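The block underneath contains the structure these notes are about, expressed in structure tokens.
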Amino acid sequence: MHGIILAGGSGSRLWPLSRELYPKQLLKVNSDRSLLERTYERLMGIMDKDNILAITNAKHASDVKLQLMEYTKDVRILSEPIAKNTAPAIAVAVKFLLDFNMDDIIVVLPSDHLIEDTKKFASTIEEAQKLARQGYIVTLGVKPTTAGTGFGYIKAGEAISTSGFKVESFKEKPDLKTAQEYVKDGRYFWNAGIFVFKASVFMQTLEKTAPEIYDITQLFNFRTQDEIDYMTFDKYPSISVDYAVMERAKNIAMVEMQSDWNDLGSWDAVYEINKKDEHNNVKIGNVIEQDCQNSMLYSSERLLAGVGLKDMIIIETSDAILACDKNDTQGVKKVFEKLKEANNETHRIHTTVYRPWGYYTILNQGEGYLTKMICVSRKGQLSLQSHNHRSEHWVVLSGIARVTLEDKVFMLKAGSSIDIPVKAIHQLANPYDTELKIIEVQKGDKLVEEDIVRYKDIYGRV
């Protein structure tokens, strides 16, 4: 078998902890490993790690690669130059495997779901694999535990194996009354968004159900190209695999998920999986509460004090605070979209961003300038890089900085400064055992993290 991990995502439903540039699959939720890492481990339990391929958006590629390098140096990643939803992503990933004569059973799964019982998950995949070998595209369905309105539903039809059924129909996210009817009916399952199929069967089905996507996919030849070409990928319509394939094809089957499953699609779902006190409160971080019940209080930095709260979600980060009714957390996505429409940076990135070499904190920004405090861990170093749209001015606060600027090397002590011109090749490093802290002032017309051209990097981000 081969595995395809869908590792894109916008980070909208777990805002403000999750952001567009650091979505929930990269977060560590009730564990010391991220959801992406746990997904990778789950697949390692049923296949060789060399058979696992991740596909992600270009803006997440370096973070995805860094997390997966904990398991293998030969991380296989496809990087989408632009987000086009799941149908193009899966189609390109399947074409990649077929180009290398890997017409095998493929497990496609999101990177941001929580599954604790990996043994039962493996047995579910084994059951799905049997149907996939018979020519079915298999989707996994979860028996509803509540009348959830945040999920799509699958209506099971004729039984074709012990826990497998032909799919009668797919249903959009319902209102509460309809969801209650689905649960009472007994033939409806939550759509887990996990698929099992033979590579050639998926491509043949795609040709019938979505010929436009199929034709574009055939333009890629991964024997001769290492990356996904932007101009070709941009031709795809933005469409989910559910619309493009699953709802249109005749060879669709469903296997009931035997393990636990949680898509962590909202803050109330995160609340449910965390340890609670005697009053059913979840408290994480620097939190104090008085007379609170059935609430979640999360602090990333500052003291968060709650008094008399009931059925509330309070999430504190350095630049944003979310307060919402625990029974109305689906509305968080609407807040995220409003921030995005207003071009408010809090939808996109945290003020403090962690990197393999340390972290940086955005202190201030305005039209044409941005100020950071950069902390480089002992023996850490940033990549050898340049910028096309900005200059930088560095002031050393503490420690000793080794600065490479073009063909010269400078050792700068606290109080020293240096200018980095636009397009100059440079590197910041900390060769010592104490932390290095500097202030960086950027000036330019495009002050974004994407304006980095890397030449060398000890963390494999080139």
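Residues are named by chain letter and number: chains run A, B, ... in the order of the structure tokens, numbers start at 1 in each chain, and ligands are numbered from 1 in the order shown.
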Identify, on the basis of only C-alpha atoms, every residue whose closest approach to stretch 199-208 of chain A does not exceed 6 Å; exclude the query and any residue fewer than 3 positions from it along the same chain; express the result as an mmCIF file with N, CA and C atoms, in the first residue's frame.
```
data_model
loop_
_atom_site.group_PDB
_atom_site.id
_atom_site.type_symbol
_atom_site.label_atom_id
_atom_site.label_comp_id
_atom_site.auth_asym_id
_atom_site.auth_seq_id
_atom_site.Cartn_x
_atom_site.Cartn_y
_atom_site.Cartn_z
ATOM 1 N N ASP A 103 1.067 1.220 -9.232
ATOM 2 C CA ASP A 103 -0.383 1.027 -9.320
ATOM 3 C C ASP A 103 -0.823 0.124 -8.181
ATOM 4 N N ASP A 104 -0.790 0.676 -6.993
ATOM 5 C CA ASP A 104 -1.083 -0.085 -5.787
ATOM 6 C C ASP A 104 -2.330 0.460 -5.099
ATOM 7 N N PRO A 211 -13.799 14.743 -16.399
ATOM 8 C CA PRO A 211 -12.820 14.676 -17.487
ATOM 9 C C PRO A 211 -11.903 15.891 -17.567
ATOM 10 N N TYR A 214 -9.189 15.240 -15.130
ATOM 11 C CA TYR A 214 -8.371 14.140 -15.657
ATOM 12 C C TYR A 214 -7.425 14.641 -16.742
#
```
Close residues, A:Ile284 itself excluded, 10 Å, only C-alpha atoms, min 2 positions apart in chain, as a PyMOL selection string: chain A and resi 30+274-275+281-282+286-288+296-300+304+315
Just to be explicit: take each residue in the selection above, keep C-alpha atoms, and write the result as a compact mmCIF listing (two decimals), in the first residue's frame.
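The resulting out.txt:
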```txt
# COMPACT_ATOMS: atom_id res chain seq x y z
CA ASN A 30 -3.38 16.89 23.82
CA ASN A 274 -9.03 17.03 26.89
CA LYS A 275 -8.83 16.14 30.57
CA ASN A 281 -13.52 22.55 32.95
CA VAL A 282 -10.51 22.21 30.65
CA ASN A 286 -1.56 30.14 32.81
CA VAL A 287 -5.19 29.88 33.95
CA ILE A 288 -7.09 30.55 37.17
CA MET A 296 -12.43 25.59 28.31
CA LEU A 297 -9.83 28.18 29.26
CA TYR A 298 -6.61 28.20 27.22
CA SER A 299 -3.74 30.63 27.75
CA SER A 300 -0.63 30.68 25.58
CA LEU A 304 -6.27 34.13 31.97
CA ILE A 315 -8.66 31.10 23.98
```
Long-range neighbours of A:Arg348 as a ChimeraX atom specification, 7 Å cut-off, only C-alpha atoms, 4 positions minimum in chain: /A:19-21
Keeping only N, CA and C atoms, write the selected residues to a file as a compact mmCIF listing (two decimals), in the first residue's frame.
```
# COMPACT_ATOMS: atom_id res chain seq x y z
N ARG A 19 -3.58 29.29 12.52
CA ARG A 19 -3.57 30.41 11.58
C ARG A 19 -3.36 29.90 10.17
N GLU A 20 -3.56 30.76 9.19
CA GLU A 20 -3.41 30.35 7.80
C GLU A 20 -2.02 29.79 7.52
N LEU A 21 -0.98 30.39 8.11
CA LEU A 21 0.37 29.91 7.90
C LEU A 21 0.81 28.88 8.94
```
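Computed from the coordinates, the atom CA of A:Cys324 to atom CA of A:Phe336 distance equals 13.4 Å.
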